[in-house]
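Structure record follows, encoded as structure tokens.
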Amino acid sequence: MIKNIVEFLRDRIGFKKILLVVAVAMLATAGYVLFTKLRVIDWSKVWEAIGQIGPGTLLLAGFFAAAAYATLTVYDYFATRTIGREDIPYPACAIGSFTSYSIAHNLGATVFTAAVVRYLVYSRYKITGPQVVKICFIAGLTFWLGNATVLGLGFVLEPWVVTPVVEPFGIGGGTVRIVGVVVLAALVGWLIFVSVPRQFGSGAWVVKLPSAKLTGLQMVIGIVDLSCTAMILYVLLMAMPNAPPAPFVAVAVIFCSAMLLGFATHAPGAAGAFEATLLVALPPLGFTAEAVVAAFILFRLYYFIVPFILALLIIAIRELASGHNSLDHLKESMAVIRQAEASQEAAKAAKARPAE
């Protein structure tokens with residue numbers, strides 16, 4: 001029965017259309033929540049809170065932002081080695097990772113945008129479209145494994161912190177803890193699954209999954225990345241006037257939940273759902289709504305806006321130095337990735353088609 005339902009959704013409606021409808025619904029809900037929360041904000045208190053943050057806190061937030069993006073560079077280094085492209089040096093991986101994530105985070109359509117930017121960077125190493133898609137897949141797997149580990153542990157240890165977000169749907173802390181246990185069990189199952197060599201796909205689309213040992217490394221990389229990113233928000237929140245003694249784990253779980261909900265809407269910069277989740281979940285910890293708004297304004301500056309500007313400058317300088325016609329190179333990159341995605345879809349369709 002489940003198989004029939006899945007096949008019906010895939011063939012008659014299409015998973016992409018379903019995901020689009022879900023994303024739009026989530027974005028609309030987040031927009032409504034954000035509107036109702038922001039309309040009662042005392043903006044004079046927001047600017048006052050921002051003005052009271054000392055240079056030490058600003059430098060510390062900047063340090064964690066740099067550490068988060070430094071950790072992100074390991075995503076691409078790990079991914080290129082996993083697909084057998086040891087010839088791509090770490091400096092190139094660092095640029096590819098930083099620019100692709102910084103630009104994709106802000107423009108939305110993360111999967112396609114990140115792939116195009118990576119091709120721009122790695123094309124000088126004779127990389128192919130399928131190889132770029134594989135790098136995106138392995139890097140994305142690292143991100144999701146890290147998120148799943150953080151959220152699984154957080155839901156088990158601190159289920160109450162996300163209760164304000166899920167209570168309107170009739171979900172309590174006990175259910176949240178059960179979800180955390182299920183997530184952790186799934187991660188253990190995944191480690192068991194990859195304890196023997198695994199691969200999927202065919203032809204140019206064969207992807208070898210990292211071993212259990214390397215998967216454990218992926219989890220560590222993801223956890224470090226998310227911890228550094230959450231620390232940006234945490235140090236800003238704790239610097240707010242009359243900040244409560246909130247534990248970092250609680251803030252980190254709320255932060256990860258907010259980022260995932262934001263990315264699920266595919267909105268540029270995760271805008272809307274990210275802020276709405278923070279405004280719902282952080283005040284029960286003791287933070288004022290004005291403090292939360294002040295913190296996420298500064299967080300966006302550190303994690304989205306400044307890296308975005310730097311990434312654009314890096315790409316522009318590299319393009320000028322390489323002698324490329326930048327617009328033509330961008331068009332070529334987009335065409336290569338579109339062709340790769342079309343080839344991937346065709347391969348999936350051919351595999352799913354019953355033999356005649």
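Following the order of the structure tokens, chains are lettered A, B, ..., residues in each are numbered from 1, and ligands are numbered from 1.
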key: Distance query Val161 (chain A) at most 8 Å, only C-alpha atoms, self and fewer than 3 positions along chain excluded, as a list in words   =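 So the residues in contact are Glu158, Pro164, Ala250, Val253, Ile254, Ala281 and Leu285 of chain A.
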Determine, using only C-alpha atoms, which residues of region 177-296 of chain A have any atom at most 9 Å from an atom of region 77-83 of chain A, and tabulate each with its shortest atom pair and distance in Å to one decimal place, rows ordered by chain and then rising number, as a Markdown table.
```
| residue | atom | partner | partner_atom | distance |
| --- | --- | --- | --- | --- |
| A:Val207 | CA | A:Ile83 | CA | 7.3 |
| A:Lys208 | CA | A:Ile83 | CA | 7.3 |
| A:Leu209 | CA | A:Thr82 | CA | 8.0 |
| A:Pro210 | CA | A:Thr82 | CA | 6.9 |
| A:Gln218 | CA | A:Phe78 | CA | 8.3 |
```
request  = Grab the CA of Val165 (chain A) to CA of Ala104 (chain A) distance for me, in Å with one decimal place.
outcome  =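 Separation between CA of Val165 (chain A) and CA of Ala104 (chain A): 26.6 Å.
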inquiry  = Which residue is closest to Tyr119 (chain A)? Choose from A:Ala70, A:Ala65, A:Ala342, A:Ile337 and count only C-alpha atoms.
reply    =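 Once distances to Tyr119 (chain A) are computed over only C-alpha atoms, the minimum belongs to A:Ile337.
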message = Quick check for you: according to DSSP on this backbone, which residues of region 154-254 of chain A are classed as helix (DSSP H, G or I)? Reply as a VMD selection string.
response = chain A and resid 154 to 157 159 to 169 173 to 193 203 to 205 212 to 238 248 to 254
Would you give me, as JSON lines, each residue of region 82-127 of chain A having an atom within 9 Å of an atom of region 306-317 of chain A, along with its shortest atom pair and that distance in Å to one decimal, using only C-alpha atoms and sorting by chain and residue number?
```
{"residue": "A:Ile95", "atom": "CA", "partner": "A:Ile314", "partner_atom": "CA", "distance": 8.1}
{"residue": "A:Phe98", "atom": "CA", "partner": "A:Ala311", "partner_atom": "CA", "distance": 7.0}
{"residue": "A:Thr99", "atom": "CA", "partner": "A:Ala311", "partner_atom": "CA", "distance": 4.7}
{"residue": "A:Ser100", "atom": "CA", "partner": "A:Ala311", "partner_atom": "CA", "distance": 8.0}
{"residue": "A:Tyr101", "atom": "CA", "partner": "A:Phe308", "partner_atom": "CA", "distance": 8.8}
{"residue": "A:Ser102", "atom": "CA", "partner": "A:Phe308", "partner_atom": "CA", "distance": 5.0}
{"residue": "A:Ile103", "atom": "CA", "partner": "A:Phe308", "partner_atom": "CA", "distance": 5.5}
{"residue": "A:Ala104", "atom": "CA", "partner": "A:Phe308", "partner_atom": "CA", "distance": 8.8}
{"residue": "A:His105", "atom": "CA", "partner": "A:Phe308", "partner_atom": "CA", "distance": 8.4}
{"residue": "A:Asn106", "atom": "CA", "partner": "A:Phe308", "partner_atom": "CA", "distance": 7.0}
{"residue": "A:Val117", "atom": "CA", "partner": "A:Ile315", "partner_atom": "CA", "distance": 8.6}
{"residue": "A:Leu120", "atom": "CA", "partner": "A:Ile315", "partner_atom": "CA", "distance": 8.3}
{"residue": "A:Val121", "atom": "CA", "partner": "A:Ile315", "partner_atom": "CA", "distance": 7.9}
```
Now that the selection is made, can you save its residues with all heavy atoms as a short mmCIF file (atom, residue, chain, number, x, y, z; two decimals), in the first residue's frame?
```
data_model
loop_
_atom_site.label_atom_id
_atom_site.label_comp_id
_atom_site.auth_asym_id
_atom_site.auth_seq_id
_atom_site.Cartn_x
_atom_site.Cartn_y
_atom_site.Cartn_z
N ILE A 95 37.92 27.85 -1.46
CA ILE A 95 37.24 28.89 -2.23
C ILE A 95 35.92 28.37 -2.78
O ILE A 95 34.89 29.06 -2.71
CB ILE A 95 38.15 29.38 -3.39
CG1 ILE A 95 39.36 30.11 -2.83
CG2 ILE A 95 37.37 30.28 -4.34
CD1 ILE A 95 40.40 30.47 -3.87
N PHE A 98 33.44 28.07 0.28
CA PHE A 98 33.04 29.36 0.85
C PHE A 98 32.13 30.14 -0.11
O PHE A 98 31.08 30.65 0.27
CB PHE A 98 34.27 30.20 1.18
CG PHE A 98 33.94 31.60 1.61
CD1 PHE A 98 33.40 31.84 2.87
CD2 PHE A 98 34.16 32.68 0.77
CE1 PHE A 98 33.07 33.13 3.27
CE2 PHE A 98 33.84 33.97 1.16
CZ PHE A 98 33.29 34.20 2.42
N THR A 99 32.55 30.24 -1.37
CA THR A 99 31.77 31.04 -2.32
C THR A 99 30.43 30.38 -2.64
O THR A 99 29.41 31.07 -2.73
CB THR A 99 32.56 31.26 -3.62
OG1 THR A 99 32.95 29.98 -4.17
CG2 THR A 99 33.79 32.10 -3.38
N SER A 100 30.41 29.06 -2.79
CA SER A 100 29.15 28.39 -3.16
C SER A 100 28.13 28.50 -2.04
O SER A 100 26.95 28.79 -2.28
CB SER A 100 29.41 26.92 -3.51
OG SER A 100 29.92 26.20 -2.41
N TYR A 101 28.57 28.29 -0.79
CA TYR A 101 27.63 28.38 0.32
C TYR A 101 27.20 29.81 0.58
O TYR A 101 26.02 30.09 0.82
CB TYR A 101 28.24 27.77 1.59
CG TYR A 101 28.13 26.27 1.64
CD1 TYR A 101 29.26 25.46 1.52
CD2 TYR A 101 26.90 25.65 1.79
CE1 TYR A 101 29.16 24.08 1.56
CE2 TYR A 101 26.80 24.27 1.83
CZ TYR A 101 27.93 23.49 1.71
OH TYR A 101 27.82 22.12 1.74
N SER A 102 28.15 30.76 0.53
CA SER A 102 27.81 32.15 0.81
C SER A 102 26.81 32.69 -0.22
O SER A 102 25.85 33.39 0.15
CB SER A 102 29.08 33.02 0.79
OG SER A 102 30.00 32.57 1.75
N ILE A 103 27.03 32.37 -1.48
CA ILE A 103 26.15 32.87 -2.53
C ILE A 103 24.83 32.12 -2.54
O ILE A 103 23.75 32.72 -2.63
CB ILE A 103 26.85 32.78 -3.90
CG1 ILE A 103 28.05 33.74 -3.94
CG2 ILE A 103 25.88 33.10 -5.04
CD1 ILE A 103 28.92 33.62 -5.17
N ALA A 104 24.88 30.80 -2.43
CA ALA A 104 23.65 30.00 -2.45
C ALA A 104 22.75 30.29 -1.26
O ALA A 104 21.53 30.32 -1.37
CB ALA A 104 23.99 28.51 -2.50
N HIS A 105 23.34 30.51 -0.08
CA HIS A 105 22.56 30.84 1.11
C HIS A 105 21.71 32.08 0.88
O HIS A 105 20.59 32.19 1.37
CB HIS A 105 23.49 31.08 2.30
CG HIS A 105 23.96 29.82 2.94
ND1 HIS A 105 25.01 29.80 3.85
CD2 HIS A 105 23.57 28.53 2.82
CE1 HIS A 105 25.22 28.55 4.25
NE2 HIS A 105 24.36 27.77 3.64
N ASN A 106 22.26 33.04 0.15
CA ASN A 106 21.58 34.32 -0.02
C ASN A 106 20.64 34.36 -1.22
O ASN A 106 19.63 35.07 -1.19
CB ASN A 106 22.60 35.45 -0.16
CG ASN A 106 23.24 35.83 1.16
OD1 ASN A 106 22.70 36.63 1.91
ND2 ASN A 106 24.39 35.24 1.46
N VAL A 117 28.18 27.72 -8.87
CA VAL A 117 29.35 28.41 -8.32
C VAL A 117 30.53 27.45 -8.20
O VAL A 117 31.67 27.81 -8.52
CB VAL A 117 29.02 29.04 -6.95
CG1 VAL A 117 30.27 29.66 -6.34
CG2 VAL A 117 27.93 30.09 -7.10
N LEU A 120 32.11 27.06 -11.53
CA LEU A 120 32.92 28.23 -11.85
C LEU A 120 34.33 28.11 -11.25
O LEU A 120 35.32 28.44 -11.89
CB LEU A 120 32.25 29.49 -11.30
CG LEU A 120 31.14 30.15 -12.12
CD1 LEU A 120 30.48 31.26 -11.31
CD2 LEU A 120 31.69 30.71 -13.43
N VAL A 121 34.40 27.63 -10.03
CA VAL A 121 35.67 27.53 -9.32
C VAL A 121 36.50 26.34 -9.79
O VAL A 121 37.71 26.44 -10.03
CB VAL A 121 35.44 27.45 -7.80
CG1 VAL A 121 36.75 27.21 -7.06
CG2 VAL A 121 34.77 28.72 -7.29
#
```
request  = For region 234-239 of chain A, please output as a PyMOL selection string all residues within 10 Å (counting only C-alpha atoms; exclusion window: fewer than 5 positions along the same chain).
outcome  = chain A and resi 49-50+52-54+56-58+60-61+64+227-229+244-252+255+282+287-288+291-296+298-299
Output of the above residues as a compact mmCIF listing (two decimals), in the first residue's frame, restricted to C-alpha atoms:
```txt
# COMPACT_ATOMS: atom_id res chain seq x y z
CA ALA A 49 20.20 46.81 22.32
CA ILE A 50 22.39 46.73 19.21
CA GLN A 52 24.97 48.52 23.71
CA ILE A 53 26.89 45.53 22.36
CA GLY A 54 30.58 46.00 23.09
CA GLY A 56 34.58 42.37 22.45
CA THR A 57 31.28 40.66 21.69
CA LEU A 58 31.35 41.84 18.08
CA LEU A 60 33.89 37.16 19.29
CA ALA A 61 30.88 36.81 16.98
CA PHE A 64 32.83 32.21 15.33
CA SER A 227 28.17 24.64 16.83
CA CYS A 228 30.29 27.54 15.54
CA THR A 229 27.35 28.98 13.63
CA PRO A 244 18.82 35.22 30.93
CA PRO A 245 21.32 32.43 31.75
CA ALA A 246 20.16 30.30 28.81
CA PRO A 247 22.17 27.11 28.15
CA PHE A 248 24.00 26.93 24.83
CA VAL A 249 22.52 23.52 23.99
CA ALA A 250 18.99 24.93 24.16
CA VAL A 251 19.85 27.86 21.89
CA ALA A 252 21.73 25.55 19.48
CA PHE A 255 18.92 27.64 16.01
CA LEU A 282 13.59 32.00 22.20
CA PHE A 287 14.84 36.66 26.01
CA THR A 288 12.73 39.66 25.06
CA ALA A 291 16.61 41.17 22.01
CA VAL A 292 15.84 38.32 19.61
CA VAL A 293 15.27 40.74 16.73
CA ALA A 294 18.50 42.60 17.52
CA ALA A 295 20.42 39.32 17.65
CA PHE A 296 19.13 37.94 14.36
CA LEU A 298 23.39 41.10 13.60
CA PHE A 299 23.54 37.36 12.89
```
Can you tell me, as a PDB file with C-alpha atoms, in the first residue's frame, which residues in region 131-213 of chain A count as strand (DSSP E or B) by DSSP?
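Output saved as states.pdb:
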```
ATOM      1  CA  GLN A 199      27.350   2.677  -3.857  1.00  0.00           C
ATOM      2  CA  PHE A 200      24.376   3.631  -5.978  1.00  0.00           C
ATOM      3  CA  VAL A 207      28.392   7.479  -6.089  1.00  0.00           C
ATOM      4  CA  LYS A 208      30.382   5.591  -3.474  1.00  0.00           C
TER       5      LYS A 208
END
```
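The shortest atom-to-atom distance to Thr142 (chain A), with only C-alpha atoms taken into account, belongs to A:Thr215 out of A:Ser257, A:Thr175, A:Thr215, A:Thr265.
Summary of the local environment: counting only C-alpha atoms, residues at most 8 Å from Leu330 (chain A), other than itself and those fewer than 4 positions away along its chain, are Val116, Leu120, Ser326 and Met334 of chain A.
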Writing out the chosen residues with all heavy atoms as a PDB file, in the first residue's frame:
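part.pdb, freshly written:
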```
ATOM      1  N   VAL A 116      26.428  25.610  -9.583  1.00  0.00           N
ATOM      2  CA  VAL A 116      26.939  26.539 -10.601  1.00  0.00           C
ATOM      3  C   VAL A 116      28.201  27.238 -10.106  1.00  0.00           C
ATOM      4  O   VAL A 116      29.201  27.336 -10.830  1.00  0.00           O
ATOM      5  CB  VAL A 116      25.860  27.583 -10.968  1.00  0.00           C
ATOM      6  CG1 VAL A 116      26.458  28.694 -11.836  1.00  0.00           C
ATOM      7  CG2 VAL A 116      24.709  26.915 -11.707  1.00  0.00           C
ATOM      8  N   LEU A 120      32.114  27.055 -11.531  1.00  0.00           N
ATOM      9  CA  LEU A 120      32.923  28.232 -11.849  1.00  0.00           C
ATOM     10  C   LEU A 120      34.327  28.107 -11.250  1.00  0.00           C
ATOM     11  O   LEU A 120      35.324  28.445 -11.894  1.00  0.00           O
ATOM     12  CB  LEU A 120      32.248  29.492 -11.297  1.00  0.00           C
ATOM     13  CG  LEU A 120      31.141  30.146 -12.122  1.00  0.00           C
ATOM     14  CD1 LEU A 120      30.480  31.257 -11.310  1.00  0.00           C
ATOM     15  CD2 LEU A 120      31.686  30.711 -13.427  1.00  0.00           C
ATOM     16  N   SER A 326      33.529  36.730 -17.995  1.00  0.00           N
ATOM     17  CA  SER A 326      32.789  36.277 -16.815  1.00  0.00           C
ATOM     18  C   SER A 326      31.361  35.868 -17.146  1.00  0.00           C
ATOM     19  O   SER A 326      30.863  34.849 -16.644  1.00  0.00           O
ATOM     20  CB  SER A 326      32.786  37.372 -15.741  1.00  0.00           C
ATOM     21  OG  SER A 326      34.100  37.667 -15.342  1.00  0.00           O
ATOM     22  N   MET A 334      26.123  27.394 -15.911  1.00  0.00           N
ATOM     23  CA  MET A 334      24.697  27.107 -15.746  1.00  0.00           C
ATOM     24  C   MET A 334      24.245  26.032 -16.726  1.00  0.00           C
ATOM     25  O   MET A 334      23.482  25.126 -16.376  1.00  0.00           O
ATOM     26  CB  MET A 334      23.886  28.388 -15.930  1.00  0.00           C
ATOM     27  CG  MET A 334      24.148  29.437 -14.860  1.00  0.00           C
ATOM     28  SD  MET A 334      23.289  31.014 -15.153  1.00  0.00           S
ATOM     29  CE  MET A 334      21.591  30.504 -14.890  1.00  0.00           C
TER      30      MET A 334
END
```
task = Name all residues at most 7 Å from region 40-43 of chain A (count only C-alpha atoms; drop same-chain ones fewer than 4 positions away) and give them as a list in words.
result = Trp47, Ala289 and Glu290 of chain A
request  = Just the residues within 9 Å of Val196 (chain A), please, counting only C-alpha atoms, with nothing from its chain fewer than 3 positions along; format it as number ranges by chain.
outcome  = A: 192-193, 211-212
message = Using only C-alpha atoms for the distances, tell me which of A:Ser322, A:Leu34, A:Ala271, A:Pro130 is nearest to Gly203 (chain A).
response =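 Between A:Ser322, A:Leu34, A:Ala271, A:Pro130, the residue approaching Gly203 (chain A) most closely is A:Pro130.
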